[in-house]
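Text of the file protein-v1.cif, holding mmCIF, C-alpha atoms:
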```cif
data_target
loop_
_atom_site.label_atom_id
_atom_site.label_comp_id
_atom_site.auth_asym_id
_atom_site.auth_seq_id
_atom_site.Cartn_x
_atom_site.Cartn_y
_atom_site.Cartn_z
CA MET U 1243 115.00 154.18 140.93
CA SER U 1244 113.94 153.28 137.39
CA ASP U 1245 116.20 153.63 134.37
CA THR U 1246 115.71 156.22 131.66
CA PRO U 1247 115.01 154.71 128.23
CA ARG U 1248 118.07 154.82 126.00
CA GLU U 1249 115.86 155.76 123.05
CA LYS U 1250 112.41 157.31 122.82
CA PRO U 1251 109.59 155.24 121.25
CA VAL U 1252 109.72 156.96 117.86
CA HIS U 1253 109.69 153.94 115.57
CA ALA U 1254 107.55 154.21 112.47
CA PRO U 1255 103.99 153.23 113.44
CA MET U 1256 103.70 149.48 113.84
CA ASP U 1257 100.01 149.27 113.01
CA GLN U 1258 99.96 146.29 110.65
CA PHE U 1259 98.83 143.91 113.40
CA PRO U 1260 95.52 145.11 114.93
CA VAL U 1261 95.06 145.27 118.69
CA VAL U 1262 91.84 143.70 119.98
CA ASN U 1263 90.97 143.59 123.68
CA GLY U 1264 94.48 144.62 124.58
CA GLU U 1265 96.24 141.95 122.49
CA LEU U 1266 98.06 141.92 119.21
CA THR U 1267 96.31 139.80 116.60
CA VAL U 1268 97.77 137.90 113.66
CA GLY U 1269 95.34 136.84 110.96
CA GLY U 1270 92.51 137.81 113.30
CA ILE U 1271 93.77 135.53 116.12
CA SER U 1272 94.84 136.94 119.48
CA LEU U 1273 98.46 136.39 120.37
CA THR U 1274 97.80 134.26 123.46
CA ARG U 1275 95.39 132.03 121.54
CA LEU U 1276 97.84 131.79 118.66
CA ALA U 1277 100.58 130.71 121.08
CA ASP U 1278 98.31 127.92 122.31
CA ARG U 1279 97.45 126.98 118.73
CA VAL U 1280 101.13 126.83 117.79
CA GLY U 1281 101.78 124.72 120.86
CA GLN U 1282 104.95 126.45 122.05
CA THR U 1283 107.02 129.57 122.28
CA PRO U 1284 109.18 130.90 120.71
CA PHE U 1285 107.66 131.09 117.25
CA TYR U 1286 107.54 133.22 114.15
CA ALA U 1287 104.08 134.10 112.82
CA TYR U 1288 103.56 135.45 109.31
CA ASP U 1289 100.29 137.04 108.24
CA ARG U 1290 99.25 135.88 104.77
CA ALA U 1291 96.83 138.80 104.34
CA LEU U 1292 99.70 141.25 104.89
CA LEU U 1293 101.83 139.41 102.32
CA THR U 1294 99.00 139.61 99.80
CA ARG U 1295 98.35 143.27 100.50
CA ARG U 1296 102.00 144.24 100.07
CA VAL U 1297 102.18 142.64 96.61
CA GLN U 1298 98.83 144.15 95.60
CA ASP U 1299 99.86 147.62 96.76
CA LEU U 1300 103.14 147.40 94.88
CA ARG U 1301 101.42 146.28 91.69
CA ALA U 1302 98.98 149.19 91.99
CA THR U 1303 101.91 151.64 92.32
CA LEU U 1304 104.54 150.40 89.86
CA PRO U 1305 104.15 150.37 86.06
CA THR U 1306 102.46 147.24 84.72
CA ALA U 1307 105.52 146.54 82.57
CA ILE U 1308 107.57 145.79 85.70
CA LYS U 1309 107.59 142.14 86.79
CA LEU U 1310 107.90 141.29 90.47
CA HIS U 1311 110.15 138.49 91.71
CA TYR U 1312 110.33 137.22 95.29
CA ALA U 1313 113.88 136.69 96.60
CA MET U 1314 113.41 133.56 98.68
CA LYS U 1315 116.50 134.10 100.80
CA ALA U 1316 114.52 136.64 102.82
CA ASN U 1317 112.16 133.92 104.02
CA PRO U 1318 112.26 130.43 102.46
CA MET U 1319 109.60 128.86 104.71
CA PRO U 1320 107.77 126.53 102.28
CA ALA U 1321 104.29 127.80 103.21
CA VAL U 1322 105.41 131.40 102.65
CA VAL U 1323 106.99 130.49 99.31
CA ASP U 1324 103.84 128.64 98.23
CA HIS U 1325 101.78 131.73 99.03
CA MET U 1326 104.14 134.18 97.39
CA ALA U 1327 104.49 132.04 94.25
CA ARG U 1328 100.80 132.61 93.56
CA LEU U 1329 101.17 136.38 93.91
CA VAL U 1330 104.39 137.32 92.13
CA ASP U 1331 105.73 136.77 88.62
CA GLY U 1332 108.77 134.74 89.56
CA LEU U 1333 111.08 133.46 92.29
CA ASP U 1334 114.78 134.02 92.86
CA VAL U 1335 116.73 131.32 94.71
CA ALA U 1336 120.18 131.28 96.26
CA SER U 1337 120.86 127.57 96.74
CA GLY U 1338 119.91 124.14 95.49
CA ARG U 1339 117.74 123.61 98.54
CA GLU U 1340 115.84 126.83 97.88
CA LEU U 1341 115.41 125.66 94.29
CA ARG U 1342 113.70 122.48 95.47
CA VAL U 1343 111.30 124.53 97.62
CA ALA U 1344 110.60 126.84 94.67
CA LEU U 1345 109.82 123.92 92.37
CA ASP U 1346 107.63 122.29 95.02
CA SER U 1347 105.59 125.51 95.18
CA GLY U 1348 104.44 124.95 91.63
CA ALA U 1349 106.22 128.03 90.31
CA ASN U 1350 106.93 128.00 86.58
CA PRO U 1351 110.61 126.97 86.17
CA HIS U 1352 110.90 129.49 83.34
CA GLU U 1353 110.29 132.23 85.94
CA ILE U 1354 112.83 131.00 88.50
CA SER U 1355 116.37 132.38 88.59
CA PHE U 1356 119.40 131.31 90.61
CA ALA U 1357 122.04 133.71 91.97
CA GLY U 1358 124.98 133.08 94.28
CA PRO U 1359 128.77 133.42 94.10
CA GLY U 1360 129.62 129.84 95.04
CA LYS U 1361 127.30 127.55 93.11
CA SER U 1362 128.57 123.98 93.21
CA HIS U 1363 128.77 121.78 90.13
CA GLN U 1364 125.84 119.76 91.47
CA GLU U 1365 123.76 122.91 91.98
CA LEU U 1366 124.53 124.05 88.43
CA ARG U 1367 123.52 120.67 87.06
CA GLN U 1368 120.38 120.73 89.21
CA ALA U 1369 119.48 124.17 87.85
CA VAL U 1370 120.05 123.13 84.24
CA ALA U 1371 117.94 120.00 84.73
CA ALA U 1372 115.13 122.14 86.15
CA GLY U 1373 115.23 124.54 83.20
CA ILE U 1374 115.61 127.69 85.29
CA LEU U 1375 117.64 130.82 84.52
CA ILE U 1376 121.17 130.76 85.98
CA ASN U 1377 122.80 134.07 86.87
CA ILE U 1378 126.45 133.52 85.99
CA GLU U 1379 128.89 135.03 88.49
CA SER U 1380 132.28 133.84 87.26
CA PHE U 1381 134.17 132.48 84.26
CA ARG U 1382 134.34 129.13 86.09
CA GLU U 1383 130.56 128.83 85.93
CA VAL U 1384 130.61 129.34 82.14
CA ALA U 1385 133.07 126.45 81.76
CA GLU U 1386 131.09 124.14 84.06
CA LEU U 1387 127.77 124.93 82.39
CA ALA U 1388 129.31 124.36 78.97
CA ALA U 1389 130.53 120.95 80.15
CA ILE U 1390 127.08 120.09 81.49
CA ARG U 1391 125.52 121.11 78.19
CA GLN U 1392 127.99 119.00 76.22
CA ALA U 1393 127.47 115.96 78.46
CA THR U 1394 123.67 116.12 78.53
CA GLY U 1395 122.57 118.02 75.45
CA TRP U 1396 120.25 120.07 77.68
CA HIS U 1397 119.32 123.69 76.93
CA VAL U 1398 121.19 125.96 79.36
CA ARG U 1399 119.60 129.35 80.12
CA VAL U 1400 121.92 132.02 81.51
CA ALA U 1401 122.07 135.66 82.46
CA VAL U 1402 125.12 137.56 83.67
CA ARG U 1403 125.15 138.98 87.17
CA VAL U 1404 127.07 142.22 86.90
CA ASN U 1405 129.09 143.84 89.66
CA PRO U 1406 128.47 147.47 88.66
CA ASP U 1407 131.05 150.22 88.92
CA PHE U 1408 128.79 152.11 91.36
CA GLU U 1409 126.95 151.32 94.58
CA LEU U 1410 123.47 151.89 95.95
CA LYS U 1411 123.99 154.87 98.25
CA SER U 1412 122.68 154.63 101.83
CA SER U 1413 122.20 150.86 101.61
CA GLY U 1414 122.17 148.65 104.67
CA MET U 1415 124.30 146.16 102.70
CA LYS U 1416 126.25 147.17 99.60
CA MET U 1417 126.17 144.42 97.01
CA GLY U 1418 127.91 146.22 94.16
CA GLY U 1419 130.64 148.76 93.43
CA GLY U 1420 134.32 148.17 94.19
CA PRO U 1421 135.69 144.68 94.74
CA LYS U 1422 132.87 142.22 95.50
CA GLN U 1423 132.41 138.46 95.57
CA PHE U 1424 129.10 138.94 93.79
CA GLY U 1425 128.81 138.88 90.02
CA VAL U 1426 131.36 139.76 87.35
CA ASP U 1427 133.01 143.18 87.30
CA ALA U 1428 131.33 145.34 84.67
CA GLU U 1429 134.60 145.88 82.81
CA GLN U 1430 135.07 142.09 82.46
CA VAL U 1431 131.53 141.39 81.24
CA PRO U 1432 132.23 141.88 77.48
CA GLU U 1433 134.91 139.16 77.67
CA LEU U 1434 132.52 136.91 79.59
CA LEU U 1435 129.77 137.48 77.03
CA ALA U 1436 132.12 136.41 74.27
CA GLU U 1437 132.90 133.24 76.19
CA ILE U 1438 129.17 132.55 76.63
CA GLY U 1439 128.68 132.98 72.90
CA ARG U 1440 131.44 130.47 72.12
CA SER U 1441 130.12 127.97 74.68
CA GLY U 1442 126.66 127.54 73.15
CA LEU U 1443 124.86 128.65 76.32
CA ALA U 1444 121.54 130.45 75.80
CA PHE U 1445 122.16 134.04 76.87
CA GLU U 1446 119.02 135.87 78.06
CA GLY U 1447 120.09 139.02 79.89
CA PHE U 1448 121.57 140.71 82.93
CA HIS U 1449 121.11 140.78 86.69
CA LEU U 1450 122.25 143.89 88.56
CA PHE U 1451 121.91 144.24 92.33
CA ALA U 1452 123.68 147.24 93.84
CA GLY U 1453 122.49 147.03 97.45
CA SER U 1454 119.71 146.28 99.91
CA GLN U 1455 117.66 147.79 102.77
CA ASN U 1456 117.47 151.34 101.43
CA LEU U 1457 114.86 153.84 102.63
CA ARG U 1458 115.92 156.72 100.38
CA ALA U 1459 113.87 156.76 97.20
CA GLU U 1460 116.33 159.07 95.46
CA SER U 1461 119.15 156.56 95.97
CA ILE U 1462 117.09 153.71 94.53
CA VAL U 1463 116.05 155.88 91.57
CA GLU U 1464 119.68 156.77 90.86
CA ALA U 1465 120.81 153.15 91.09
CA GLN U 1466 118.03 151.87 88.82
CA ARG U 1467 118.87 154.52 86.23
CA LYS U 1468 122.55 153.61 86.35
CA CYS U 1469 121.76 149.89 86.17
CA PHE U 1470 119.62 150.37 83.09
CA ASP U 1471 122.22 152.54 81.35
CA LEU U 1472 124.93 150.00 82.17
CA ALA U 1473 122.78 147.18 80.78
CA LEU U 1474 122.32 149.12 77.55
CA ARG U 1475 126.09 149.48 77.16
CA LEU U 1476 126.75 145.82 77.95
CA ALA U 1477 124.00 144.69 75.57
CA GLU U 1478 126.18 145.91 72.70
CA SER U 1479 128.55 143.00 73.44
CA ALA U 1480 125.84 140.38 74.05
CA PRO U 1481 125.75 137.28 71.82
CA SER U 1482 121.96 137.61 71.45
CA PRO U 1483 119.24 140.17 72.26
CA VAL U 1484 118.50 140.89 75.91
CA ARG U 1485 115.27 139.19 76.97
CA PHE U 1486 115.61 139.58 80.74
CA LEU U 1487 116.83 142.51 82.83
CA ASN U 1488 116.78 142.27 86.61
CA LEU U 1489 117.26 145.78 88.02
CA GLY U 1490 117.64 144.46 91.57
CA GLY U 1491 115.68 145.63 94.56
CA GLY U 1492 117.00 147.43 97.60
CA PHE U 1493 113.59 148.53 98.91
CA GLY U 1494 113.92 148.84 102.67
CA ILE U 1495 111.55 148.71 105.62
CA PRO U 1496 111.78 150.83 108.81
CA TYR U 1497 113.38 148.99 111.71
CA PHE U 1498 114.78 151.64 113.99
CA PRO U 1499 113.79 154.95 115.64
CA GLY U 1500 113.73 157.82 113.18
CA GLU U 1501 113.22 155.65 110.10
CA GLN U 1502 110.18 156.18 107.89
CA ARG U 1503 108.59 153.95 105.28
CA LEU U 1504 109.92 154.13 101.74
CA ASP U 1505 108.21 156.59 99.37
CA LEU U 1506 107.38 154.55 96.27
CA ALA U 1507 106.07 157.41 94.11
CA PRO U 1508 109.48 158.62 92.77
CA ILE U 1509 110.56 155.02 92.17
CA ALA U 1510 107.39 154.27 90.21
CA ALA U 1511 107.81 157.41 88.11
CA ASN U 1512 111.42 156.53 87.32
CA LEU U 1513 110.55 152.94 86.41
CA ALA U 1514 107.85 154.19 84.05
CA ILE U 1515 110.49 156.21 82.17
CA ILE U 1516 112.86 153.22 82.10
CA ALA U 1517 110.10 150.94 80.83
CA GLU U 1518 109.32 153.35 77.98
CA GLU U 1519 112.99 153.48 76.99
CA ALA U 1520 113.36 149.71 77.25
CA ALA U 1521 110.46 149.18 74.86
CA VAL U 1522 112.53 150.98 72.22
CA LYS U 1523 116.12 150.12 73.13
CA LEU U 1524 115.61 146.56 74.46
CA PRO U 1525 112.49 145.43 72.60
CA GLY U 1526 110.96 142.28 74.04
CA ALA U 1527 112.98 142.40 77.25
CA GLU U 1528 111.28 141.69 80.58
CA LEU U 1529 112.08 144.22 83.31
CA VAL U 1530 112.20 142.66 86.77
CA ILE U 1531 112.40 144.05 90.29
CA GLU U 1532 113.66 141.49 92.82
CA LEU U 1533 112.41 142.02 96.37
CA GLY U 1534 112.61 139.92 99.52
CA ARG U 1535 112.58 141.88 102.75
CA TYR U 1536 110.14 144.45 101.33
CA PHE U 1537 107.57 141.74 100.59
CA VAL U 1538 107.75 139.77 103.83
CA GLY U 1539 109.59 141.75 106.51
CA GLU U 1540 106.67 143.69 107.96
CA ALA U 1541 104.32 140.70 107.81
CA GLY U 1542 106.14 138.76 110.53
CA LEU U 1543 106.31 138.73 114.32
CA TYR U 1544 108.77 136.89 116.53
CA VAL U 1545 107.07 135.85 119.76
CA CYS U 1546 108.74 134.59 122.92
CA LYS U 1547 107.63 134.15 126.52
CA VAL U 1548 108.94 135.84 129.65
CA VAL U 1549 110.28 133.16 131.99
CA ASP U 1550 111.83 135.41 134.64
CA ARG U 1551 111.93 139.01 135.76
CA LYS U 1552 115.03 140.00 137.65
CA VAL U 1553 116.64 143.20 138.89
CA SER U 1554 120.39 143.67 138.84
CA ARG U 1555 121.75 146.77 140.54
CA GLY U 1556 118.63 148.76 139.78
CA HIS U 1557 118.07 147.60 136.21
CA THR U 1558 115.27 145.20 135.26
CA TYR U 1559 115.78 142.27 132.91
CA LEU U 1560 113.00 140.29 131.28
CA VAL U 1561 114.47 136.85 130.62
CA THR U 1562 112.68 135.02 127.80
CA ASP U 1563 112.76 131.61 126.15
CA GLY U 1564 113.83 133.23 122.86
CA GLY U 1565 117.00 135.00 121.85
CA LEU U 1566 119.76 135.53 119.32
CA HIS U 1567 119.82 131.82 118.43
CA HIS U 1568 116.37 132.37 116.89
CA HIS U 1569 116.54 136.03 115.87
CA LEU U 1570 120.11 137.08 115.25
CA SER U 1571 119.03 140.24 113.42
CA ALA U 1572 117.09 141.64 116.39
CA SER U 1573 120.05 140.99 118.69
CA GLY U 1574 122.12 143.39 116.60
CA ASN U 1575 124.64 140.74 115.53
CA PHE U 1576 123.62 140.55 111.86
CA GLY U 1577 125.27 143.56 110.31
CA GLN U 1578 124.55 146.38 112.77
CA VAL U 1579 127.57 148.54 113.52
CA ILE U 1580 125.84 150.30 116.41
CA ARG U 1581 123.12 148.19 118.01
CA LYS U 1582 119.57 149.57 117.85
CA ASN U 1583 116.31 148.13 119.11
CA TYR U 1584 113.78 146.56 116.81
CA PRO U 1585 110.23 147.74 117.63
CA ALA U 1586 108.93 145.51 120.41
CA ALA U 1587 105.83 145.12 122.55
CA VAL U 1588 104.35 143.08 125.35
CA GLY U 1589 101.92 141.51 122.96
CA ASN U 1590 99.26 140.55 125.49
CA ARG U 1591 99.36 143.90 127.34
CA MET U 1592 99.01 146.39 124.49
CA ASP U 1593 96.65 148.66 126.42
CA ALA U 1594 98.89 148.89 129.48
CA PRO U 1595 100.92 152.07 130.03
CA LEU U 1596 104.63 152.14 129.40
CA GLY U 1597 106.68 151.57 132.51
CA GLU U 1598 110.34 151.55 133.36
CA ALA U 1599 113.07 150.90 130.83
CA VAL U 1600 113.91 147.23 130.77
CA SER U 1601 116.18 144.93 128.82
CA VAL U 1602 114.74 141.86 127.14
CA VAL U 1603 117.25 139.03 127.05
CA GLY U 1604 117.30 135.37 126.12
CA PRO U 1605 118.41 132.23 127.96
CA LEU U 1606 121.87 131.94 126.39
CA CYS U 1607 125.09 132.22 128.35
CA THR U 1608 126.36 135.29 126.49
CA PRO U 1609 125.80 139.04 126.94
CA LEU U 1610 125.15 139.22 123.18
CA ASP U 1611 121.76 137.55 123.77
CA LEU U 1612 119.89 140.84 123.87
CA LEU U 1613 116.54 141.44 122.14
CA ALA U 1614 115.76 144.91 123.52
CA ASP U 1615 118.08 147.18 125.46
CA ARG U 1616 116.75 149.69 128.00
CA MET U 1617 113.42 150.01 126.24
CA ALA U 1618 110.26 151.39 127.83
CA LEU U 1619 107.64 148.61 127.88
CA PRO U 1620 104.51 147.89 129.88
CA GLU U 1621 105.23 146.00 133.09
CA ALA U 1622 105.68 142.35 132.17
CA ARG U 1623 105.74 139.21 134.29
CA PRO U 1624 106.56 135.56 133.65
CA GLY U 1625 104.07 134.14 131.17
CA ASP U 1626 103.66 137.37 129.22
CA LEU U 1627 104.49 137.39 125.51
CA ILE U 1628 107.17 139.61 123.99
CA ALA U 1629 106.58 140.37 120.30
CA LEU U 1630 109.24 141.74 117.97
CA TYR U 1631 107.93 143.47 114.86
CA GLN U 1632 109.59 143.57 111.41
CA SER U 1633 110.54 139.92 111.80
CA GLY U 1634 109.30 138.40 108.55
CA ALA U 1635 112.68 138.52 106.81
CA TYR U 1636 116.12 137.16 107.72
CA GLY U 1637 114.88 135.63 110.95
CA ALA U 1638 114.78 131.87 111.45
CA THR U 1639 117.16 130.85 108.66
CA ALA U 1640 119.58 133.71 109.34
CA SER U 1641 120.09 132.65 112.97
CA PRO U 1642 122.41 130.12 114.69
CA ARG U 1643 119.58 127.88 115.84
CA GLY U 1644 121.88 125.17 117.14
CA PHE U 1645 123.87 127.53 119.37
CA LEU U 1646 124.03 126.17 122.94
CA SER U 1647 121.50 123.47 121.97
CA HIS U 1648 118.38 125.20 123.25
CA PRO U 1649 114.97 124.11 121.89
CA ASP U 1650 114.19 125.15 118.34
CA LEU U 1651 111.48 127.54 117.23
CA VAL U 1652 108.35 127.02 115.10
CA GLU U 1653 107.21 129.02 112.08
CA VAL U 1654 103.55 129.43 111.12
CA LEU U 1655 101.68 131.18 108.33
CA VAL U 1656 98.34 132.49 109.58
#
```
Re-express the file's structure as structure tokens.
Amino acid sequence: MSDTPREKPVHAPMDQFPVVNGELTVGGISLTRLADRVGQTPFYAYDRALLTRRVQDLRATLPTAIKLHYAMKANPMPAVVDHMARLVDGLDVASGRELRVALDSGANPHEISFAGPGKSHQELRQAVAAGILINIESFREVAELAAIRQATGWHVRVAVRVNPDFELKSSGMKMGGGPKQFGVDAEQVPELLAEIGRSGLAFEGFHLFAGSQNLRAESIVEAQRKCFDLALRLAESAPSPVRFLNLGGGFGIPYFPGEQRLDLAPIAANLAIIAEEAAVKLPGAELVIELGRYFVGEAGLYVCKVVDRKVSRGHTYLVTDGGLHHHLSASGNFGQVIRKNYPAAVGNRMDAPLGEAVSVVGPLCTPLDLLADRMALPEARPGDLIALYQSGAYGATASPRGFLSHPDLVEVLV
């Protein structure tokens, strides 16, 4: 007797990768041929045309006064960063290693910013030497940057990352409001600004990031409005005029059943109002939206191969050569409170009818190694390819790839 699916197939339509002759295609290449071209499974494949289209669509929707920055932490694969650097206005990095990738891409150092609550002295010195904008997140960083400036005579560009006194409602991860390791509490910022002024650092503006992975336009609109108003208040204590204002991101993509794609229209309308006000109240300031997942998440597939099909007490398991060591997010162990399935498919059997509910698991010796749980899929056999959608962000570098010492994955940009 076959199992009943735990959840009905009501994900948002996953139509970004065309189906040709019963197979998913990436960049116009069928999945089986792409697997041969890559030379192995598992692998991540990112579609450069989808990356380009997402940036173009966003530019066509948002006011022209809004600059777009790519948050590299979502996907720091060098080929992806090289591609994105040619499309967006700037890059945001979260480590010294990401900074090296950003500089290698040819991005203008003036349009690179660095955020992170635990920047080492060497990373701060590296950032100053590169001439990028450093988002200060503690009083300690002010002291270290002042010492670097005194020792080298280099120009030190800084902004203040603010921990606001509100949060982005309905966010997958809340990055602001209440006690947080990120940024400087809004009520402490005036004191920090005074310290920056005394230190001789070149103050340029503010970075506010209240949360991420939000699919409610009204929540993003509210947070952006509050961020802008907070920046206006803090600007009164700034040692020099605000030239840079990062209003954060938070734009989400649909992963799970019942979720729909974000409606950009209200966000665009709100940003147009903010841009008009900024032209008067913060003349000369650049307004930036920082996005990672929204740019790259839907442009990626994770592909693994079925190596075994087994039945245990009436339930069918598809055992693959991929798993949580490559895609921690899809396994449900990267922030999910209640595990839900990513949209998945048998990528070389797209025209086949759905069959029994099966569980897709990896080769690891842990029950946590679960990629799809009791999900209706076409009948699959060893050699077939399982594809997980929405895998362009927080995949390879967010996963414990050394866990149990299984073979590593490959990433390709097609």
Original post:
Please, which residues are within 10 Å of (105.0, 129.2, 97.4) by the file's coordinates, counting all atoms listed in the file, and could they come as a PyMOL selection string?
Top reply: chain U and resi 1312+1314+1318-1330+1333+1343-1349
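With all atoms listed in the file as the basis for measurement, U:Val1561 is the residue among U:Val1561, U:Ala1291, U:Val1431, U:Ala1640 that approaches U:Val1603 most closely.
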Residues returned when the PyMOL selection byres ((chain U and resi 1376) around 12) runs on this file, as a compact mmCIF listing (two decimals) with C-alpha atoms, keeping the file's coordinate frame:
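Ended up saving to out33.txt:
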```txt
# COMPACT_ATOMS: atom_id res chain seq x y z
CA ASP U 1334 114.78 134.02 92.86
CA VAL U 1335 116.73 131.32 94.71
CA ALA U 1336 120.18 131.28 96.26
CA SER U 1337 120.86 127.57 96.74
CA GLY U 1338 119.91 124.14 95.49
CA LEU U 1341 115.41 125.66 94.29
CA PRO U 1351 110.61 126.97 86.17
CA HIS U 1352 110.90 129.49 83.34
CA GLU U 1353 110.29 132.23 85.94
CA ILE U 1354 112.83 131.00 88.50
CA SER U 1355 116.37 132.38 88.59
CA PHE U 1356 119.40 131.31 90.61
CA ALA U 1357 122.04 133.71 91.97
CA GLY U 1358 124.98 133.08 94.28
CA PRO U 1359 128.77 133.42 94.10
CA LYS U 1361 127.30 127.55 93.11
CA GLU U 1365 123.76 122.91 91.98
CA LEU U 1366 124.53 124.05 88.43
CA ARG U 1367 123.52 120.67 87.06
CA GLN U 1368 120.38 120.73 89.21
CA ALA U 1369 119.48 124.17 87.85
CA VAL U 1370 120.05 123.13 84.24
CA ALA U 1371 117.94 120.00 84.73
CA ALA U 1372 115.13 122.14 86.15
CA GLY U 1373 115.23 124.54 83.20
CA ILE U 1374 115.61 127.69 85.29
CA LEU U 1375 117.64 130.82 84.52
CA ASN U 1377 122.80 134.07 86.87
CA ILE U 1378 126.45 133.52 85.99
CA GLU U 1379 128.89 135.03 88.49
CA SER U 1380 132.28 133.84 87.26
CA GLU U 1383 130.56 128.83 85.93
CA VAL U 1384 130.61 129.34 82.14
CA LEU U 1387 127.77 124.93 82.39
CA HIS U 1397 119.32 123.69 76.93
CA VAL U 1398 121.19 125.96 79.36
CA ARG U 1399 119.60 129.35 80.12
CA VAL U 1400 121.92 132.02 81.51
CA ALA U 1401 122.07 135.66 82.46
CA VAL U 1402 125.12 137.56 83.67
CA ARG U 1403 125.15 138.98 87.17
CA GLY U 1425 128.81 138.88 90.02
CA LEU U 1443 124.86 128.65 76.32
CA ALA U 1444 121.54 130.45 75.80
CA PHE U 1445 122.16 134.04 76.87
CA GLU U 1446 119.02 135.87 78.06
CA GLY U 1447 120.09 139.02 79.89
CA PHE U 1448 121.57 140.71 82.93
CA HIS U 1449 121.11 140.78 86.69
CA PHE U 1486 115.61 139.58 80.74
```
**OP:** Apply the PyMOL selection byres ((chain U and resi 1642-1644) around 12) to the structure shown and report the selected residues as a list in words.
**Re:**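 Here the PyMOL selection byres ((chain U and resi 1642-1644) around 12) matches Pro1284, Gly1564, Gly1565, Leu1566, His1567, His1568, His1569, Leu1570, Ser1571, Ser1573, Asn1575, Phe1576, Leu1606, Asp1611, Tyr1636, Gly1637, Ala1638, Thr1639, Ala1640, Ser1641, Phe1645, Leu1646, Ser1647, His1648, Pro1649, Asp1650, Leu1651 and Val1652 of chain U.
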Original post:
Counting only C-alpha atoms, which of U:Val1530, U:Ile1580, U:Leu1304, U:Val1656 gets nearest to U:Arg1279?
Top reply: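 The closest residue to U:Arg1279 is U:Val1656.
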Subject >> Between atom CA of U:Ala1527 and atom CA of U:Glu1464, distance in Å (one decimal) >> reply: 20.9 Å
Could you put an axis-aligned box around every listed atom of stretch 1570-1587 of chain U, padded by 3 Å on each side, and send me its centre and edge lengths in Å to one decimal, as AutoDock Vina command-line options?
```
--center_x 116.7 --center_y 143.7 --center_z 116.4 --size_x 27.7 --size_y 19.2 --size_z 18.2
```
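Evaluating the PyMOL selection byres ((chain U and resi 1432) around 9) against the shown model yields Ala1428, Glu1429, Gln1430, Val1431, Glu1433, Leu1434, Leu1435, Ala1436, Glu1437, Leu1476, Ala1477, Glu1478, Ser1479 and Ala1480 of chain U.
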Go ahead and write the selection's residues with C-alpha atoms as a PDB file, keeping the file's coordinate frame.
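Just written: again_5.pdb:
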```
ATOM      1  CA  ALA U1428     131.330 145.340  84.670  1.00  0.00           C
ATOM      2  CA  GLU U1429     134.600 145.880  82.810  1.00  0.00           C
ATOM      3  CA  GLN U1430     135.070 142.090  82.460  1.00  0.00           C
ATOM      4  CA  VAL U1431     131.530 141.390  81.240  1.00  0.00           C
ATOM      5  CA  GLU U1433     134.910 139.160  77.670  1.00  0.00           C
ATOM      6  CA  LEU U1434     132.520 136.910  79.590  1.00  0.00           C
ATOM      7  CA  LEU U1435     129.770 137.480  77.030  1.00  0.00           C
ATOM      8  CA  ALA U1436     132.120 136.410  74.270  1.00  0.00           C
ATOM      9  CA  GLU U1437     132.900 133.240  76.190  1.00  0.00           C
ATOM     10  CA  LEU U1476     126.750 145.820  77.950  1.00  0.00           C
ATOM     11  CA  ALA U1477     124.000 144.690  75.570  1.00  0.00           C
ATOM     12  CA  GLU U1478     126.180 145.910  72.700  1.00  0.00           C
ATOM     13  CA  SER U1479     128.550 143.000  73.440  1.00  0.00           C
ATOM     14  CA  ALA U1480     125.840 140.380  74.050  1.00  0.00           C
TER      15      ALA U1480
END
```
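Reported to one decimal place, the separation of atom CA of U:Val1588 from atom CA of U:Ala1618 is 10.5 Å.
Take atom CA of U:Ala1517 and atom CA of U:Ile1531: the distance between them is 11.9 Å.
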Original post:
Could you name the residues that touch U:Val1538 at 10 Å or less, counting all atoms listed in the file, but leaving out those on the same chain fewer than 2 positions away, as a PyMOL selection string?
Top reply: chain U and resi 1288-1290+1292-1294+1296-1297+1312-1314+1316-1317+1322+1326+1495+1533-1536+1540-1542+1632-1636
Subject >> Closest of U:Val1600, U:Val1545, U:Leu1513, U:Leu1487 to U:Ala1459 - atom-to-atom distances counting all atoms listed in the file >> reply: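 Under the stated criterion, the closest residue is U:Leu1513.
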**OP:** With a distance cut-off of 8 Å and only C-alpha atoms, select the neighbouring residues of U:Leu1504, excluding the residue or stretch itself and same-chain residues fewer than 2 positions from it, and output the selection as a PyMOL selection string.
**Re:** chain U and resi 1457-1459+1493-1495+1502+1506
**OP:** Name the closest residue to U:Tyr1631 among the candidates U:Phe1285, U:Tyr1497, U:Tyr1559, U:Phe1470; distances are taken between atoms, counting all atoms listed in the file.
**Re:**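 Going through U:Phe1285, U:Tyr1497, U:Tyr1559, U:Phe1470 one by one, the smallest distance to U:Tyr1631 is for U:Tyr1497.
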**OP:** Check the smallest atom-to-atom distance from each of U:Arg1301, U:Arg1467, U:Arg1503, U:Lys1547 to U:Ala1254 using only C-alpha atoms, then report the winner.
**Re:**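 Going through U:Arg1301, U:Arg1467, U:Arg1503, U:Lys1547 one by one, the smallest distance to U:Ala1254 is for U:Arg1503.
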